[in-house]
Amino acid sequence: MKTTKRISVLAFAIIAFAVTMTTVSCQSKQDKKSEQSNDSAFVFSTPKVLNVGDYINKHFEHGASYMKMVDTTGILSLSDIADDVEYVLLKTSNDKQEVFIGRGLYNVFISKDYIFVHMANNIIQYDRQGNLIRTIGRQGLGPGEYNWVYQMFVDDKTKRIFINTSGKINEYDFEGKFLRAIKTTYDDKVMPLDSNRIAVEVSNIWYDVKERLVILNEKGEVEKSFPRYQLFERTNNVVTDTETDKIPRLTRFHDTVYFNEAYNDTIFELKNNELQMRYFVDWGKYAMKPEYFYEQKKYDTKQWECLWQKKFYETDRYVFILTNRFGITLVYDKKNDHINAGYPLISEKDQCMPFVKILNNTPSGFKNDLDGGMIQNIDGISIDSKYIISYYYASDIKDFFEEVGYGADPKYPDKQAKLKALVDSIDENKHNLLIMMSKLKE
């Protein structure tokens, strides 16, 4: 397999450090260092290399302001990765609109029995049929209350909900009962590791943060910290880590917790309080070079010719890598050991553009040939990693189909008929979001 010649700063630092530990005797030195510092001790395993640069070279013509597909062979439609697609309309209660528009919709979590909607100032729980159940917690400063929901995570295995708010992490059960609060100064994304420990990512928006990841115990104390390697002078606003709050750097695949640094190409597995390299995304000539970070003003244009992962998700069969530009979704098929891509945004004349204009959403997913409905973007995956999910404002969906219509010759005409009936039933006074869930192939 081709070895990358261009690596991110973090990967460079890690590999450089790894060179000093090539013998068994070095392990004792590493252990000794760990005893003297709270910094992370890395386990250097050989990661799976995903040569996405080779794929992009073959299929795309790439410039600073455009990405044009020149070879469309192997472009994936929804039926290539999914066996089924289903929809859920989230209903209002007594025609009272729990309006999401303008209220800061952050994320949607799909568990076995429930749908949780993460808003900026509350958490709304539905059943899988879209019926409103309750609001989790409430705004305030008392026990079980929050003034803002910065980040949240739903653990279907333990039936727990974790939210990060000002100065604390609140924990609730699926019945809405408040269980405990953990005081903390970290207000980024949380990921429970077990009943006593929680991992928290540390954003670096202001460029003076020394950690990128911490593990807290049940008292909120730092049990383990992982140092940040790319500390650069802030020369302008277009620099590293500015999109940290939008990139899901902590993700989970079954019981495995992954971490990837913003703008980085290495996916780490968090295991036994250590970061182990699991995947290395080889961007080839599109990778960020160290000088682009160190001399940002000089290489400002060059930065925008690069690609990096905006989102990373692993499922039983697939690895999905959503890129930062042009709506390209790369798919690694673990079963066939092969890389393909979904349909990218190309130009104003592209047939996907009506979808973009109405829904204000770049198509970074797959043409829906199952029922001829919406493009399957990837806004997230279900907690069990079996579904890729998208969510849209219901009223926008109705407008979209009235203007564009449905796809011709769907694989399942009966499903298209059901989708048409569902769209016709949409009432903006009774419905909030339309959730689209595609069940992935095994």
# chains A, B, ... in the order shown; residues from 1 in each chain; ligands from 1

$ residues_around --residues "Glu201 (chain A)" --least-positions-apart "2" --cutoff "9 Å" --atoms "only C-alpha atoms" --output "PyMOL selection string"
chain A and resi 186-191+199+203+211-215+249-250+259

$ write_last_selection --atoms "C-alpha atoms" --output "PDB file, in the first residue's frame"
ATOM      1  CA  TYR A 186     -14.750  22.242  29.765  1.00  0.00           C
ATOM      2  CA  ASP A 187     -17.812  23.042  27.672  1.00  0.00           C
ATOM      3  CA  ASP A 188     -17.248  21.030  24.488  1.00  0.00           C
ATOM      4  CA  LYS A 189     -18.561  17.700  23.190  1.00  0.00           C
ATOM      5  CA  VAL A 190     -18.929  14.932  25.771  1.00  0.00           C
ATOM      6  CA  MET A 191     -18.644  11.178  25.323  1.00  0.00           C
ATOM      7  CA  ALA A 199     -14.250  12.189  27.617  1.00  0.00           C
ATOM      8  CA  SER A 203     -11.838  23.286  21.136  1.00  0.00           C
ATOM      9  CA  GLU A 211      -5.176  20.168  25.600  1.00  0.00           C
ATOM     10  CA  ARG A 212      -7.258  18.737  22.811  1.00  0.00           C
ATOM     11  CA  LEU A 213      -8.933  15.976  24.801  1.00  0.00           C
ATOM     12  CA  VAL A 214      -9.451  15.263  28.507  1.00  0.00           C
ATOM     13  CA  ILE A 215     -10.952  12.405  30.496  1.00  0.00           C
ATOM     14  CA  ARG A 249     -14.350  15.017  16.598  1.00  0.00           C
ATOM     15  CA  LEU A 250     -15.614  12.538  19.197  1.00  0.00           C
ATOM     16  CA  PHE A 259     -11.224  11.041  18.144  1.00  0.00           C
TER      17      PHE A 259
END

$ residues_around --residues "Val52 (chain A)" --least-positions-apart "6" --cutoff "12 Å" --atoms "only C-alpha atoms" --output "ChimeraX atom specification"
/A:2,4,58-60,265,279-287,307-309,319-323,328-332,338-341

$ select_by_dssp --residues "region 75-315 of chain A" --states "helix (DSSP H, G or I)" --output "list in words"
Leu78, Ser79, Asp80, Ile81, Thr244, Asp245, Lys246, Gly284, Lys285, Tyr286, Pro290, Glu291, Tyr292, Phe293, Tyr294, Asp300, Thr301, Lys302 and Gln303 of chain A

$ write_last_selection --atoms "N, CA and C atoms" --output "PDB file, in the first residue's frame"
ATOM      1  N   LEU A  78     -28.015   5.799  -3.566  1.00  0.00           N
ATOM      2  CA  LEU A  78     -28.442   5.319  -2.254  1.00  0.00           C
ATOM      3  C   LEU A  78     -28.601   3.800  -2.228  1.00  0.00           C
ATOM      4  N   SER A  79     -29.091   3.215  -3.327  1.00  0.00           N
ATOM      5  CA  SER A  79     -29.302   1.768  -3.361  1.00  0.00           C
ATOM      6  C   SER A  79     -27.996   0.981  -3.318  1.00  0.00           C
ATOM      7  N   ASP A  80     -26.876   1.640  -3.605  1.00  0.00           N
ATOM      8  CA  ASP A  80     -25.586   0.954  -3.561  1.00  0.00           C
ATOM      9  C   ASP A  80     -25.114   0.714  -2.134  1.00  0.00           C
ATOM     10  N   ILE A  81     -25.585   1.518  -1.197  1.00  0.00           N
ATOM     11  CA  ILE A  81     -25.117   1.377   0.187  1.00  0.00           C
ATOM     12  C   ILE A  81     -26.238   1.050   1.166  1.00  0.00           C
ATOM     13  N   THR A 244     -14.044  23.933  14.912  1.00  0.00           N
ATOM     14  CA  THR A 244     -14.064  22.807  15.833  1.00  0.00           C
ATOM     15  C   THR A 244     -15.456  22.480  16.345  1.00  0.00           C
ATOM     16  N   ASP A 245     -16.265  23.508  16.588  1.00  0.00           N
ATOM     17  CA  ASP A 245     -17.601  23.259  17.139  1.00  0.00           C
ATOM     18  C   ASP A 245     -18.520  22.612  16.126  1.00  0.00           C
ATOM     19  N   LYS A 246     -18.151  22.622  14.840  1.00  0.00           N
ATOM     20  CA  LYS A 246     -19.002  22.055  13.802  1.00  0.00           C
ATOM     21  C   LYS A 246     -18.538  20.673  13.367  1.00  0.00           C
ATOM     22  N   GLY A 284      -2.990  12.703  -0.263  1.00  0.00           N
ATOM     23  CA  GLY A 284      -2.082  12.915  -1.379  1.00  0.00           C
ATOM     24  C   GLY A 284      -1.726  14.383  -1.538  1.00  0.00           C
ATOM     25  N   LYS A 285      -1.782  14.884  -2.752  1.00  0.00           N
ATOM     26  CA  LYS A 285      -1.384  16.268  -3.013  1.00  0.00           C
ATOM     27  C   LYS A 285      -2.383  17.281  -2.472  1.00  0.00           C
ATOM     28  N   TYR A 286      -3.536  16.827  -2.004  1.00  0.00           N
ATOM     29  CA  TYR A 286      -4.548  17.735  -1.461  1.00  0.00           C
ATOM     30  C   TYR A 286      -4.411  17.922   0.043  1.00  0.00           C
ATOM     31  N   PRO A 290       2.673  21.372   6.615  1.00  0.00           N
ATOM     32  CA  PRO A 290       2.996  22.125   7.833  1.00  0.00           C
ATOM     33  C   PRO A 290       3.199  23.608   7.605  1.00  0.00           C
ATOM     34  N   GLU A 291       3.844  23.983   6.479  1.00  0.00           N
ATOM     35  CA  GLU A 291       4.099  25.408   6.238  1.00  0.00           C
ATOM     36  C   GLU A 291       2.812  26.202   6.051  1.00  0.00           C
ATOM     37  N   TYR A 292       1.725  25.511   5.649  1.00  0.00           N
ATOM     38  CA  TYR A 292       0.450  26.206   5.503  1.00  0.00           C
ATOM     39  C   TYR A 292      -0.068  26.671   6.859  1.00  0.00           C
ATOM     40  N   PHE A 293       0.314  25.947   7.911  1.00  0.00           N
ATOM     41  CA  PHE A 293      -0.072  26.329   9.265  1.00  0.00           C
ATOM     42  C   PHE A 293       0.877  27.392   9.824  1.00  0.00           C
ATOM     43  N   TYR A 294       2.173  27.130   9.673  1.00  0.00           N
ATOM     44  CA  TYR A 294       3.166  28.011  10.295  1.00  0.00           C
ATOM     45  C   TYR A 294       3.228  29.381   9.630  1.00  0.00           C
ATOM     46  N   ASP A 300      -2.125  31.424   2.345  1.00  0.00           N
ATOM     47  CA  ASP A 300      -3.571  31.485   2.527  1.00  0.00           C
ATOM     48  C   ASP A 300      -4.315  30.860   1.345  1.00  0.00           C
ATOM     49  N   THR A 301      -3.888  31.162   0.126  1.00  0.00           N
ATOM     50  CA  THR A 301      -4.532  30.598  -1.061  1.00  0.00           C
ATOM     51  C   THR A 301      -4.331  29.098  -1.127  1.00  0.00           C
ATOM     52  N   LYS A 302      -3.149  28.636  -0.795  1.00  0.00           N
ATOM     53  CA  LYS A 302      -2.846  27.215  -0.844  1.00  0.00           C
ATOM     54  C   LYS A 302      -3.724  26.417   0.120  1.00  0.00           C
ATOM     55  N   GLN A 303      -4.044  27.018   1.262  1.00  0.00           N
ATOM     56  CA  GLN A 303      -4.891  26.308   2.223  1.00  0.00           C
ATOM     57  C   GLN A 303      -6.215  25.908   1.593  1.00  0.00           C
TER      58      GLN A 303
END

$ atom_distance --atom1 "CA of Lys112 (chain A)" --atom2 "CA of Asp127 (chain A)"
9.4 Å

$ closest_residue --among "A:Lys386, A:Arg278, A:Lys168, A:His62" --to "Leu141 (chain A)" --atoms "only C-alpha atoms"
A:Lys168

$ closest_residue --among "A:Phe400, A:Phe178, A:Tyr150, A:Tyr391" --to "Ile110 (chain A)" --atoms "only C-alpha atoms"
A:Tyr391

$ closest_residue --among "A:Ala82, A:Ile381, A:Leu50, A:Ala394" --to "Asn107 (chain A)" --atoms "only C-alpha atoms"
A:Ile381

$ closest_residue --among "A:Asn51, A:Ser395, A:Gln416, A:Thr256" --to "Tyr87 (chain A)" --atoms "only C-alpha atoms"
A:Gln416

$ atom_distance --atom1 "CA of Asp369 (chain A)" --atom2 "CA of Asn432 (chain A)"
25.3 Å

$ atom_distance --atom1 "CA of Val222 (chain A)" --atom2 "CA of Arg138 (chain A)"
27.8 Å

$ closest_residue --among "A:Glu274, A:Glu86, A:Glu171, A:Asp155" --to "Ser390 (chain A)" --atoms "only C-alpha atoms"
A:Glu86

$ select_by_dssp --residues "region 32-183 of chain A" --states "strand (DSSP E)" --output "ChimeraX atom specification"
/A:48-50,60-62,67-69,82-91,105-110,114-119,123-127,132-136,138-139,145-146,151-155,160-165,168-173,178-183

$ closest_residue --among "A:Glu428, A:Asn368, A:Ile375, A:Tyr318" --to "Ala408 (chain A)" --atoms "only C-alpha atoms"
A:Asn368
